[in-house]
$ cat my_file.cif   # mmCIF, N, CA and C atoms
data_my_file
loop_
_atom_site.label_atom_id
_atom_site.label_comp_id
_atom_site.auth_asym_id
_atom_site.auth_seq_id
_atom_site.Cartn_x
_atom_site.Cartn_y
_atom_site.Cartn_z
N MET A 15 38.61 -3.52 -3.56
CA MET A 15 38.02 -3.51 -4.87
C MET A 15 37.75 -4.97 -5.26
N TRP A 16 36.62 -5.21 -5.93
CA TRP A 16 36.25 -6.55 -6.37
C TRP A 16 36.10 -6.58 -7.89
N GLU A 17 36.21 -7.73 -8.42
CA GLU A 17 35.89 -7.98 -9.83
C GLU A 17 34.66 -8.88 -9.80
N VAL A 18 33.66 -8.55 -10.59
CA VAL A 18 32.42 -9.32 -10.65
C VAL A 18 32.38 -10.08 -11.96
N LYS A 19 32.20 -11.40 -11.84
CA LYS A 19 32.20 -12.26 -13.03
C LYS A 19 31.04 -13.25 -12.93
N SER A 20 30.54 -13.65 -14.10
CA SER A 20 29.54 -14.72 -14.11
C SER A 20 30.27 -16.04 -13.81
N ALA A 21 29.52 -17.03 -13.41
CA ALA A 21 30.12 -18.30 -12.98
C ALA A 21 30.97 -18.94 -14.07
N GLY A 22 30.63 -18.77 -15.33
CA GLY A 22 31.36 -19.40 -16.42
C GLY A 22 32.76 -18.86 -16.64
N VAL A 23 33.03 -17.60 -16.29
CA VAL A 23 34.35 -17.00 -16.53
C VAL A 23 34.98 -16.49 -15.23
N ALA A 24 34.57 -17.04 -14.11
CA ALA A 24 35.03 -16.56 -12.80
C ALA A 24 36.52 -16.69 -12.60
N ASN A 25 37.16 -17.71 -13.19
CA ASN A 25 38.60 -17.92 -12.96
C ASN A 25 39.46 -16.83 -13.58
N ALA A 26 38.93 -16.07 -14.54
CA ALA A 26 39.70 -14.98 -15.16
C ALA A 26 39.64 -13.71 -14.31
N GLY A 27 38.83 -13.69 -13.28
CA GLY A 27 38.61 -12.48 -12.49
C GLY A 27 39.81 -11.99 -11.73
N LYS A 28 40.61 -12.90 -11.12
CA LYS A 28 41.74 -12.49 -10.30
C LYS A 28 42.79 -11.74 -11.12
N GLY A 29 43.10 -12.23 -12.31
CA GLY A 29 44.07 -11.57 -13.18
C GLY A 29 43.58 -10.22 -13.66
N GLU A 30 42.32 -10.13 -14.03
CA GLU A 30 41.76 -8.85 -14.49
C GLU A 30 41.76 -7.83 -13.35
N LEU A 31 41.42 -8.26 -12.14
CA LEU A 31 41.40 -7.35 -11.00
C LEU A 31 42.80 -6.79 -10.72
N ALA A 32 43.81 -7.63 -10.81
CA ALA A 32 45.18 -7.17 -10.58
C ALA A 32 45.56 -6.09 -11.59
N GLY A 33 45.14 -6.25 -12.85
CA GLY A 33 45.42 -5.24 -13.89
C GLY A 33 44.69 -3.93 -13.59
N TYR A 34 43.43 -4.01 -13.13
CA TYR A 34 42.67 -2.79 -12.79
C TYR A 34 43.33 -2.05 -11.64
N ILE A 35 43.76 -2.78 -10.62
CA ILE A 35 44.39 -2.15 -9.46
C ILE A 35 45.69 -1.46 -9.87
N GLU A 36 46.48 -2.13 -10.70
CA GLU A 36 47.76 -1.55 -11.16
C GLU A 36 47.54 -0.25 -11.94
N ARG A 37 46.56 -0.26 -12.85
CA ARG A 37 46.29 0.94 -13.65
C ARG A 37 45.75 2.07 -12.77
N MET A 38 44.93 1.75 -11.76
CA MET A 38 44.40 2.79 -10.88
C MET A 38 45.51 3.41 -10.03
N LYS A 39 46.47 2.61 -9.60
CA LYS A 39 47.58 3.14 -8.79
C LYS A 39 48.45 4.09 -9.61
N GLU A 40 48.53 3.89 -10.92
CA GLU A 40 49.32 4.75 -11.80
C GLU A 40 48.56 6.01 -12.21
N ASP A 41 47.27 6.00 -12.08
CA ASP A 41 46.43 7.12 -12.51
C ASP A 41 46.47 8.23 -11.45
N PRO A 42 46.84 9.47 -11.83
CA PRO A 42 46.92 10.57 -10.85
C PRO A 42 45.56 10.89 -10.21
N GLU A 43 44.49 10.56 -10.87
CA GLU A 43 43.15 10.83 -10.32
C GLU A 43 42.92 10.05 -9.02
N TYR A 44 43.56 8.88 -8.88
CA TYR A 44 43.38 8.04 -7.69
C TYR A 44 44.56 8.14 -6.73
N LYS A 45 45.43 9.14 -6.92
CA LYS A 45 46.63 9.29 -6.08
C LYS A 45 46.22 9.45 -4.61
N GLY A 46 46.90 8.75 -3.74
CA GLY A 46 46.63 8.83 -2.30
C GLY A 46 45.62 7.81 -1.80
N LEU A 47 44.94 7.12 -2.71
CA LEU A 47 43.98 6.09 -2.29
C LEU A 47 44.70 4.77 -2.09
N ASP A 48 44.31 4.05 -1.06
CA ASP A 48 44.86 2.72 -0.81
C ASP A 48 43.96 1.71 -1.53
N ILE A 49 44.35 1.31 -2.70
CA ILE A 49 43.53 0.41 -3.53
C ILE A 49 44.00 -1.02 -3.28
N VAL A 50 43.10 -1.82 -2.69
CA VAL A 50 43.44 -3.21 -2.33
C VAL A 50 42.34 -4.14 -2.82
N PRO A 51 42.66 -5.43 -3.01
CA PRO A 51 41.62 -6.39 -3.40
C PRO A 51 40.57 -6.52 -2.30
N GLY A 52 39.34 -6.81 -2.71
CA GLY A 52 38.23 -6.94 -1.77
C GLY A 52 38.35 -8.15 -0.86
N PHE A 53 37.52 -8.17 0.18
CA PHE A 53 37.52 -9.26 1.16
C PHE A 53 36.42 -10.27 0.83
N ASP A 54 36.42 -11.36 1.55
CA ASP A 54 35.44 -12.43 1.38
C ASP A 54 34.05 -11.95 1.81
N LEU A 55 33.06 -12.24 1.00
CA LEU A 55 31.68 -11.95 1.41
C LEU A 55 31.25 -13.04 2.40
N SER A 56 30.70 -12.64 3.51
CA SER A 56 30.35 -13.62 4.54
C SER A 56 29.17 -14.49 4.16
N MET A 57 28.31 -14.00 3.30
CA MET A 57 27.15 -14.81 2.89
C MET A 57 26.73 -14.40 1.49
N PRO A 58 26.01 -15.27 0.81
CA PRO A 58 25.59 -14.92 -0.56
C PRO A 58 24.53 -13.83 -0.56
N ALA A 59 24.55 -13.05 -1.61
CA ALA A 59 23.50 -12.04 -1.83
C ALA A 59 22.54 -12.61 -2.86
N VAL A 60 21.27 -12.57 -2.56
CA VAL A 60 20.25 -13.13 -3.46
C VAL A 60 19.25 -12.02 -3.77
N GLY A 61 18.87 -11.92 -5.03
CA GLY A 61 17.89 -10.91 -5.41
C GLY A 61 17.11 -11.31 -6.63
N TYR A 62 15.93 -10.74 -6.75
CA TYR A 62 15.07 -10.97 -7.92
C TYR A 62 15.13 -9.74 -8.81
N VAL A 63 15.41 -9.94 -10.10
CA VAL A 63 15.48 -8.85 -11.07
C VAL A 63 14.20 -8.89 -11.89
N LYS A 64 13.33 -7.93 -11.64
CA LYS A 64 12.01 -7.91 -12.28
C LYS A 64 12.12 -7.76 -13.81
N GLU A 65 13.03 -6.88 -14.27
CA GLU A 65 13.13 -6.60 -15.70
C GLU A 65 13.51 -7.83 -16.51
N THR A 66 14.33 -8.71 -15.95
CA THR A 66 14.76 -9.91 -16.69
C THR A 66 14.08 -11.17 -16.18
N ASP A 67 13.27 -11.04 -15.13
CA ASP A 67 12.58 -12.18 -14.52
C ASP A 67 13.58 -13.27 -14.13
N GLN A 68 14.64 -12.86 -13.40
CA GLN A 68 15.69 -13.79 -13.00
C GLN A 68 15.98 -13.64 -11.51
N THR A 69 16.41 -14.75 -10.93
CA THR A 69 16.95 -14.72 -9.58
C THR A 69 18.46 -14.70 -9.71
N VAL A 70 19.12 -13.76 -9.05
CA VAL A 70 20.57 -13.62 -9.12
C VAL A 70 21.15 -13.94 -7.74
N VAL A 71 22.18 -14.81 -7.75
CA VAL A 71 22.88 -15.17 -6.51
C VAL A 71 24.34 -14.79 -6.70
N ALA A 72 24.89 -13.98 -5.76
CA ALA A 72 26.28 -13.55 -5.83
C ALA A 72 27.02 -14.04 -4.58
N THR A 73 28.18 -14.68 -4.80
CA THR A 73 29.00 -15.17 -3.69
C THR A 73 30.47 -14.88 -4.00
N SER A 74 31.30 -15.06 -2.99
CA SER A 74 32.75 -14.94 -3.22
C SER A 74 33.24 -16.19 -3.95
N HIS A 75 34.25 -16.01 -4.80
CA HIS A 75 34.89 -17.13 -5.50
C HIS A 75 35.46 -18.07 -4.42
N PRO A 76 35.41 -19.39 -4.64
CA PRO A 76 35.88 -20.32 -3.60
C PRO A 76 37.35 -20.12 -3.21
N THR A 77 38.22 -19.72 -4.15
CA THR A 77 39.64 -19.55 -3.81
C THR A 77 40.10 -18.10 -3.92
N ASP A 78 39.52 -17.33 -4.83
CA ASP A 78 39.92 -15.94 -5.04
C ASP A 78 38.84 -15.04 -4.42
N LYS A 79 38.98 -14.69 -3.17
CA LYS A 79 37.95 -13.98 -2.41
C LYS A 79 37.65 -12.59 -2.94
N GLU A 80 38.58 -12.02 -3.72
CA GLU A 80 38.35 -10.68 -4.27
C GLU A 80 37.50 -10.71 -5.54
N VAL A 81 37.10 -11.89 -5.96
CA VAL A 81 36.24 -12.05 -7.15
C VAL A 81 34.85 -12.45 -6.68
N ILE A 82 33.86 -11.70 -7.11
CA ILE A 82 32.46 -12.03 -6.81
C ILE A 82 31.90 -12.77 -8.01
N VAL A 83 31.35 -13.93 -7.74
CA VAL A 83 30.80 -14.79 -8.79
C VAL A 83 29.27 -14.74 -8.68
N TYR A 84 28.63 -14.53 -9.83
CA TYR A 84 27.16 -14.51 -9.79
C TYR A 84 26.59 -15.53 -10.77
N THR A 85 25.41 -16.01 -10.44
CA THR A 85 24.63 -16.87 -11.33
C THR A 85 23.25 -16.26 -11.44
N ALA A 86 22.67 -16.40 -12.61
CA ALA A 86 21.32 -15.90 -12.84
C ALA A 86 20.50 -17.03 -13.43
N SER A 87 19.32 -17.21 -12.92
CA SER A 87 18.45 -18.26 -13.44
C SER A 87 17.02 -17.73 -13.56
N LYS A 88 16.31 -18.28 -14.54
CA LYS A 88 14.92 -17.89 -14.75
C LYS A 88 14.14 -18.18 -13.48
N ALA A 89 13.32 -17.26 -13.10
CA ALA A 89 12.59 -17.43 -11.83
C ALA A 89 11.14 -17.06 -11.99
N THR A 90 10.39 -17.55 -11.08
CA THR A 90 9.01 -17.12 -10.98
C THR A 90 9.00 -15.90 -10.07
N PRO A 91 8.40 -14.84 -10.52
CA PRO A 91 8.41 -13.64 -9.67
C PRO A 91 7.73 -13.93 -8.34
N PRO A 92 8.13 -13.22 -7.31
CA PRO A 92 7.49 -13.43 -6.02
C PRO A 92 5.99 -13.20 -6.12
N ARG A 93 5.24 -14.01 -5.43
CA ARG A 93 3.78 -13.91 -5.47
C ARG A 93 3.34 -12.63 -4.77
N VAL A 94 2.52 -11.88 -5.46
CA VAL A 94 1.99 -10.65 -4.89
C VAL A 94 0.59 -10.97 -4.36
N VAL A 95 0.42 -10.78 -3.09
CA VAL A 95 -0.88 -11.05 -2.47
C VAL A 95 -1.66 -9.76 -2.40
N ILE A 96 -2.82 -9.77 -3.05
CA ILE A 96 -3.69 -8.61 -3.02
C ILE A 96 -4.86 -8.95 -2.11
N PRO A 97 -4.98 -8.26 -1.00
CA PRO A 97 -6.06 -8.59 -0.07
C PRO A 97 -7.41 -8.23 -0.65
N ASP A 98 -8.43 -8.99 -0.22
CA ASP A 98 -9.79 -8.67 -0.63
C ASP A 98 -10.17 -7.31 -0.06
N PRO A 99 -10.95 -6.55 -0.81
CA PRO A 99 -11.34 -5.24 -0.29
C PRO A 99 -12.23 -5.41 0.94
N ILE A 100 -12.06 -4.54 1.89
CA ILE A 100 -12.89 -4.56 3.10
C ILE A 100 -14.10 -3.70 2.83
N GLU A 101 -15.26 -4.34 2.97
CA GLU A 101 -16.49 -3.60 2.72
C GLU A 101 -16.90 -2.87 3.99
N GLU A 102 -17.05 -1.58 3.87
CA GLU A 102 -17.48 -0.78 5.00
C GLU A 102 -18.99 -0.90 5.12
N PRO A 103 -19.51 -1.01 6.35
CA PRO A 103 -20.96 -1.07 6.49
C PRO A 103 -21.59 0.24 6.03
N VAL A 104 -22.70 0.10 5.34
CA VAL A 104 -23.40 1.26 4.82
C VAL A 104 -24.53 1.61 5.77
N LYS A 105 -24.50 2.83 6.26
CA LYS A 105 -25.55 3.27 7.17
C LYS A 105 -26.66 3.90 6.34
N GLU A 106 -27.85 3.33 6.50
CA GLU A 106 -28.99 3.85 5.77
C GLU A 106 -29.35 5.22 6.34
N PRO A 107 -29.56 6.19 5.47
CA PRO A 107 -29.91 7.50 6.00
C PRO A 107 -31.32 7.47 6.59
N GLY A 108 -31.48 8.03 7.74
CA GLY A 108 -32.80 8.11 8.38
C GLY A 108 -33.38 9.49 8.15
N PRO A 109 -34.61 9.68 8.60
CA PRO A 109 -35.19 11.01 8.43
C PRO A 109 -34.43 12.03 9.27
N SER A 110 -34.40 13.22 8.79
CA SER A 110 -33.69 14.26 9.53
C SER A 110 -34.48 14.62 10.78
N THR A 111 -33.84 15.29 11.69
CA THR A 111 -34.51 15.71 12.93
C THR A 111 -35.68 16.63 12.61
N LEU A 112 -35.51 17.47 11.62
CA LEU A 112 -36.58 18.38 11.24
C LEU A 112 -37.78 17.61 10.71
N ASP A 113 -37.56 16.57 9.90
CA ASP A 113 -38.66 15.76 9.38
C ASP A 113 -39.38 15.05 10.52
N LYS A 114 -38.66 14.57 11.52
CA LYS A 114 -39.30 13.92 12.67
C LYS A 114 -40.16 14.93 13.42
N PHE A 115 -39.70 16.15 13.54
CA PHE A 115 -40.46 17.18 14.24
C PHE A 115 -41.75 17.51 13.49
N ARG A 116 -41.70 17.55 12.17
CA ARG A 116 -42.87 17.88 11.36
C ARG A 116 -43.88 16.73 11.30
N ASP A 117 -43.42 15.52 11.50
CA ASP A 117 -44.28 14.34 11.37
C ASP A 117 -44.82 13.96 12.74
N TRP A 118 -46.13 14.06 12.93
CA TRP A 118 -46.74 13.80 14.24
C TRP A 118 -46.53 12.36 14.68
N TRP A 119 -46.51 11.43 13.75
CA TRP A 119 -46.40 10.01 14.11
C TRP A 119 -44.97 9.49 13.96
N HIS A 120 -44.02 10.36 13.75
CA HIS A 120 -42.60 10.01 13.56
C HIS A 120 -42.41 9.01 12.43
N ARG A 121 -43.15 9.22 11.38
CA ARG A 121 -42.96 8.45 10.16
C ARG A 121 -42.32 9.37 9.13
N ASN A 122 -41.93 8.77 8.04
CA ASN A 122 -41.34 9.59 7.00
C ASN A 122 -42.37 10.61 6.54
N ILE A 123 -42.01 11.86 6.57
CA ILE A 123 -42.97 12.93 6.28
C ILE A 123 -43.53 12.85 4.86
N THR A 124 -42.77 12.30 3.94
CA THR A 124 -43.27 12.25 2.57
C THR A 124 -44.36 11.20 2.42
N ASN A 125 -44.46 10.23 3.33
CA ASN A 125 -45.49 9.19 3.25
C ASN A 125 -46.61 9.41 4.25
N HIS A 126 -46.63 10.51 4.94
CA HIS A 126 -47.62 10.73 5.99
C HIS A 126 -48.96 11.14 5.39
N ASP A 127 -50.02 10.57 5.93
CA ASP A 127 -51.37 10.93 5.50
C ASP A 127 -51.89 12.00 6.45
N TRP A 128 -51.87 13.25 6.02
CA TRP A 128 -52.26 14.35 6.88
C TRP A 128 -53.77 14.43 7.07
N SER A 129 -54.52 13.70 6.28
CA SER A 129 -55.98 13.77 6.43
C SER A 129 -56.44 13.01 7.67
N ASN A 130 -55.61 12.17 8.25
CA ASN A 130 -56.01 11.40 9.42
C ASN A 130 -55.03 11.65 10.55
N ASN A 131 -55.06 12.86 11.10
CA ASN A 131 -54.18 13.18 12.21
C ASN A 131 -55.02 13.58 13.41
N PRO A 132 -54.48 13.61 14.60
CA PRO A 132 -55.30 13.87 15.79
C PRO A 132 -55.90 15.27 15.86
N TRP A 133 -55.54 16.15 14.95
CA TRP A 133 -56.02 17.53 15.04
C TRP A 133 -57.19 17.81 14.10
N THR A 134 -57.69 16.80 13.39
CA THR A 134 -58.83 17.03 12.49
C THR A 134 -60.10 16.48 13.11
N PRO A 135 -61.26 17.04 12.76
CA PRO A 135 -62.52 16.58 13.36
C PRO A 135 -62.84 15.13 13.03
N LYS A 136 -62.38 14.57 11.91
CA LYS A 136 -62.71 13.20 11.52
C LYS A 136 -61.78 12.17 12.17
N SER A 137 -60.89 12.60 12.99
CA SER A 137 -59.92 11.69 13.62
C SER A 137 -60.63 10.79 14.61
N PRO A 138 -60.21 9.49 14.73
CA PRO A 138 -60.85 8.58 15.68
C PRO A 138 -60.63 8.99 17.13
N VAL A 139 -59.66 9.86 17.41
CA VAL A 139 -59.42 10.28 18.80
C VAL A 139 -60.19 11.54 19.16
N GLY A 140 -60.97 12.03 18.29
CA GLY A 140 -61.77 13.21 18.61
C GLY A 140 -61.47 14.34 17.66
N GLY A 141 -62.00 15.47 17.98
CA GLY A 141 -61.85 16.62 17.12
C GLY A 141 -60.66 17.45 17.48
N PRO A 142 -60.68 18.68 17.01
CA PRO A 142 -59.56 19.56 17.30
C PRO A 142 -59.50 19.92 18.78
N ILE A 143 -58.39 20.30 19.23
CA ILE A 143 -58.21 20.72 20.62
C ILE A 143 -58.40 22.23 20.67
N PHE A 144 -59.28 22.63 21.62
CA PHE A 144 -59.53 24.07 21.78
C PHE A 144 -58.79 24.51 23.02
N VAL A 145 -58.17 25.62 22.91
CA VAL A 145 -57.48 26.21 24.05
C VAL A 145 -58.15 27.53 24.37
N PRO A 146 -58.65 27.66 25.59
CA PRO A 146 -59.33 28.93 25.92
C PRO A 146 -58.31 30.08 25.99
N VAL A 147 -58.75 31.21 25.54
CA VAL A 147 -57.91 32.40 25.58
C VAL A 147 -58.55 33.37 26.57
N PHE A 148 -57.81 33.76 27.57
CA PHE A 148 -58.32 34.70 28.58
C PHE A 148 -57.81 36.09 28.27
N PRO A 149 -58.72 37.07 28.35
CA PRO A 149 -58.29 38.43 28.04
C PRO A 149 -57.48 39.06 29.15
#

$ encode --input "my_file.cif" --output "structure tokens"
Amino acid sequence: MWEVKSAGVANAGKGELAGYIERMKEDPEYKGLDIVPGFDLSMPAVGYVKETDQTVVATSHPTDKEVIVYTASKATPPRVVIPDPIEEPVKEPGPSTLDKFRDWWHRNITNHDWSNNPWTPKSPVGGPIFVPVFP
């Protein structure tokens, strides 16, 4: 079990922890539990508290290892990097297969001039094509 104290009152932690352990050992709710003081933290714990905009550092007390001492200081929140949006290439829609089939010159059917196609008599390539029909 540990007692957590801010750096300013850390020296009072060992005595308070001893009182908590004694009361827990007398309480029937904790009967059978081995309640002992905590061990030394091997390294400090560091964290950013968004709600208070503080950086908190928690370490073991230099002499009373069962007391965790914390300090909090105003901090700049971690920088959030927002990537630029990736623009997807836009594929221009082409004429549909059906429109290409309807358009003799494979141009957009809506812009086609049907008055000048190879099947009319006024066409520069000649007149209509006649196909003989045999009975």

$ closest_residue --input "my_file.cif" --among "A:Gly52, A:Gly29, A:Pro103, A:Pro97" --to "A:Lys79" --atoms "all atoms listed in the file"
A:Gly52

$ closest_residue --input "my_file.cif" --among "A:Leu31, A:Glu101, A:Thr66, A:Thr77" --to "A:Val18" --atoms "all atoms listed in the file"
A:Leu31

$ residues_around --input "my_file.cif" --residues "A:Ser20" --least-positions-apart "3" --cutoff "6 Å" --atoms "only C-alpha atoms" --output "PDB file with N, CA and C atoms, in the coordinates of the input"
ATOM      1  N   VAL A  23      33.030 -17.600 -16.290  1.00  0.00           N
ATOM      2  CA  VAL A  23      34.350 -17.000 -16.530  1.00  0.00           C
ATOM      3  C   VAL A  23      34.980 -16.490 -15.230  1.00  0.00           C
ATOM      4  N   ALA A  24      34.570 -17.040 -14.110  1.00  0.00           N
ATOM      5  CA  ALA A  24      35.030 -16.560 -12.800  1.00  0.00           C
ATOM      6  C   ALA A  24      36.520 -16.690 -12.600  1.00  0.00           C
ATOM      7  N   VAL A  83      31.350 -13.930  -7.740  1.00  0.00           N
ATOM      8  CA  VAL A  83      30.800 -14.790  -8.790  1.00  0.00           C
ATOM      9  C   VAL A  83      29.270 -14.740  -8.680  1.00  0.00           C
ATOM     10  N   TYR A  84      28.630 -14.530  -9.830  1.00  0.00           N
ATOM     11  CA  TYR A  84      27.160 -14.510  -9.790  1.00  0.00           C
ATOM     12  C   TYR A  84      26.590 -15.530 -10.770  1.00  0.00           C
TER      13      TYR A  84
END

$ resolve_selection --input "my_file.cif" --expression "the PyMOL selection byres (((chain A and resi 15 and name CA) around 10) and name CA)" --output "ChimeraX atom specification"
/A:16-18,31-32,34-35,49-53,80-81

$ atom_distance --input "my_file.cif" --atom1 "atom N of A:Asp78" --atom2 "atom N of A:Glu40"
23.8 Å

$ atom_distance --input "my_file.cif" --atom1 "atom N of A:Ala26" --atom2 "atom CA of A:Pro76"
12.1 Å

$ atom_distance --input "my_file.cif" --atom1 "atom N of A:Glu30" --atom2 "atom CA of A:His75"
13.3 Å

$ resolve_selection --input "my_file.cif" --expression "the PyMOL selection byres (((chain A and resi 85 and name CA) around 6) and name CA)" --output "VMD selection string"
chain A and resid 21 70 to 71 84 86

$ axis_aligned_box --input "my_file.cif" --around "stretch 73-86 of chain A" --padding-each-side "8 Å" --output "AutoDock Vina command-line options"
--center_x 30.3 --center_y -15.5 --center_z -7.9 --size_x 35.6 --size_y 25.6 --size_z 27.0

$ closest_residue --input "my_file.cif" --among "A:Val94, A:Lys105, A:Ile82, A:Lys88" --to "A:Asp67" --atoms "all atoms listed in the file"
A:Lys88
